[in-house]
Every structure is written in C-alpha cells, then in structure tokens.
Amino acid sequence: MGAPDVGQLVVARGASTTQALELAERTGAVLERLQRDGHLSGFESPAQLLPSERTQRGRQAALPEADRLRRELIGAARGLPFRVESFEPFLEDVAAAKHAPLLDRGQLEGTSLGLKLDSLLTQMHGAWFAMLPLRGVKDARRVQDALGALGDADVRLLDLTREADALYRAYRTQALWLAIAGVGAIALLLLVSLRSLRRCADVLLPLAAAVLVTCALFIIAGQPLGMFHLVGLLLVVGVGSNYTLFFERQNFTATDPQRTVISLALCNACTVVGFGLLSLAQAPVLQAIGITVAGGAFLSLVFGAALRSDA
C-alpha cells in the first residue's frame, strides 16, 4: 500500500518550527539521494506539506515579474496557434503567488493536510520534532552513515522496533526486581507477624508452589510469559495468601475446620469464575491476567490444603 515502515524513522529536532522544517529539508535532500541510489523506496516529510519560510521565499523569488513573464510568453507563443490573451489568468496567478503571504501552520488547521502535518511535526519538551518515516529501507547502515555526514546531532535514525524492545526489556527488568522486593517485604511482614520461621514457611511455600506450577503450565503450553502474566502472578500471591493464612496450622486448628474449608472453597470459586470469564476476553491484556489469576488462585487453594504441616 506504500505506507511507511513502522521500524525506521528519522527524527530532526529544532528549537522552533522553522528550524525543524529547515532541518527536515536538508535531511530530505539526503534521503532523496539514497532513494535514487536504491537504498530505500521512499519517505515522508513535513517539509513536503509545509516548506520552510526560506524555501517559500526562494520559490517566490524564482517567479519572474509579470512584465518579463508576459514578454517571454509572447515570444514563446510566436508562430503557434495560441492566443496570448488566453494565458492572462496564468499571468495573474503568478503575480499573486509572487507577492502572496507565506503559508504557515495555522492555514492548514482543520484540513486533511493539517492532520497529516500534525502527525509529522510535533512539539515536546520545549522543542519541535520533524519525523520522516521511511519506506523499504534496504541498507539501514548506509542510511545512518549518510545522515551522519550531515554533521548535525539533532538528526537521528531510529529503529522503532529495536527501541521498543529495549524499552520493554527495561520495564520487564524493573518490574521483576520490584516484584522480588515486594515478595521480600511480604515474607518479612509475615515473619514479624507470625514470629516463627515454620509458620511463615507454611504460608509462603504453597504460594511459591502455585506460582511455579502456573509458570510451568504456561511454558508447557508454549505460551511465552510477559508483563501481563507478571501482573497476574502478583495478584495470585495477593489472593492466594488469604487461603494459605487460613490453612496455616495454628490458624486452622483455632477455627472450625469444616466452615473454614467451605468458606475458602466458596471464595476461591468466585475468584476462579470471575477471572476465568476475564480470560475469555479478546483483549490480550485481560486474557493474560484472567487466565493467570484464575489458574494460580485455584492452585493456591490446592497447595494451601495439601501442604499443611499437620495434613
């Protein structure tokens, strides 16, 4: 369809709209050479929709004066079956264009060209960014070297796929370490509250088993684990700890065991049904969280009952 690739993007940064557009024009000249040499299929630029003021003035200056254009037109039409008077509207339009006010961003507002321009020229953090999406990049290294020859640090070639992957890995690593810190805080809080390593282990071991088995089931099923599964596992720990606390030996014997089991089974059934229905959603986020919590909560109840120290 000729749409830009989502993976390759040139970004030109300027202090103002004019500076960003001028930088986009210089960058576009480099990309045009690369396109002629076959290193890419094409590109888009905001300067194609809104030329810089310098370019617009240069184009106006290149237009001949009305008298000169009329003389050249008469000379060109000599001996041809055309009436010079027929070109009078053309002469008027050229004269009007030569002295017309420059095109600016506001004149495109509310038009389809304005919408396109807004997607390619945007302001962030006090600076203006001109974005030039590329099509059919065949040699990214050659494109990078050509842009580097501009000698402008404000022009960068971004591999969006690689940048997104790096960003996701950083989020995942941060979330993993925060999850480990959270588990450590929960273990410390249980140890202080229960005042016994054995009682603390009675609560934590079923949770650990439920998390490990849930992850193992995903791996066996060929489902890669992602950020949303990690969120679901955190919910498993939060929900499952309610079950394992009741199943802990001293708490369990201090209450009516039959009523405790029935209550926990009912609570677990509600959790499994609620998140189980969520796992049927079309949205990947809801689906991942739903199936993780539903399976993990059920396993927390099972392991909480099976691993009781007095079982």
# chains A, B, ... in the order shown; residues from 1 in each chain; ligands from 1
call {"tool": "select_by_dssp", "arguments": {"residues": "segment 19-182 of chain A", "states": "alpha helix (DSSP H)", "output": "NGL selection string"}}
result
:A and (19-36 or 53-62 or 66-77 or 88-98 or 112-120 or 140-148 or 160-182)
call {"tool": "residues_around", "arguments": {"residues": "Glu92 of chain A", "least_positions_apart": "6", "cutoff": "12 Å", "atoms": "only C-alpha atoms", "output": "PyMOL selection string"}}
result
chain A and resi 64-67+69-70+85-86+98-100
call {"tool": "closest_atom_pairs", "arguments": {"of": "segment 174-231 of chain A", "to": "segment 240-248 of chain A", "cutoff": "7 Å", "atoms": "only C-alpha atoms", "output": "Markdown table"}}
result
| residue | atom | partner | partner_atom | distance |
| --- | --- | --- | --- | --- |
| A:Arg199 | CA | A:Glu248 | CA | 6.8 |
| A:Asp202 | CA | A:Glu248 | CA | 5.8 |
| A:Val203 | CA | A:Thr244 | CA | 5.0 |
| A:Pro206 | CA | A:Thr244 | CA | 6.9 |
| A:Leu207 | CA | A:Gly240 | CA | 6.4 |
call {"tool": "residues_around", "arguments": {"residues": "segment 290-306 of chain A", "least_positions_apart": "5", "cutoff": "10 Å", "atoms": "only C-alpha atoms", "output": "MDAnalysis selection string"}}
result
chainID A and resid 202:215 217:218 228:248 261 264:265 267:281 284:285 311
call {"tool": "closest_atom_pairs", "arguments": {"of": "segment 166-277 of chain A", "to": "segment 154-160 of chain A", "cutoff": "12 Å", "atoms": "only C-alpha atoms", "output": "JSON lines"}}
result
{"residue": "A:Ala166", "atom": "CA", "partner": "A:Leu160", "partner_atom": "CA", "distance": 9.7}
{"residue": "A:Leu167", "atom": "CA", "partner": "A:Leu160", "partner_atom": "CA", "distance": 10.2}
{"residue": "A:Tyr168", "atom": "CA", "partner": "A:Leu160", "partner_atom": "CA", "distance": 11.9}
call {"tool": "residues_around", "arguments": {"residues": "Ala20 of chain A", "least_positions_apart": "4", "cutoff": "10 Å", "atoms": "only C-alpha atoms", "output": "ChimeraX atom specification"}}
result
/A:11-16,24-25,46-47,52,121-122,127-131,154-155
call {"tool": "atom_distance", "arguments": {"atom1": "atom CA of Glu22 of chain A", "atom2": "atom CA of Ala96 of chain A"}}
result
24.8 Å
call {"tool": "atom_distance", "arguments": {"atom1": "atom CA of Ala62 of chain A", "atom2": "atom CA of Leu50 of chain A"}}
result
18.1 Å
call {"tool": "residues_around", "arguments": {"residues": "Leu102 of chain A", "least_positions_apart": "2", "cutoff": "12 Å", "atoms": "only C-alpha atoms", "output": "list in words"}}
result
Leu50, Pro51, Ser52, Glu53, Arg54, Thr55, Gln56, Arg57, Gly58, Arg59, Gln60, Ala96, Ala97, Lys98, His99, Ala100, Asp104, Arg105, Gly106 and Gln107 of chain A
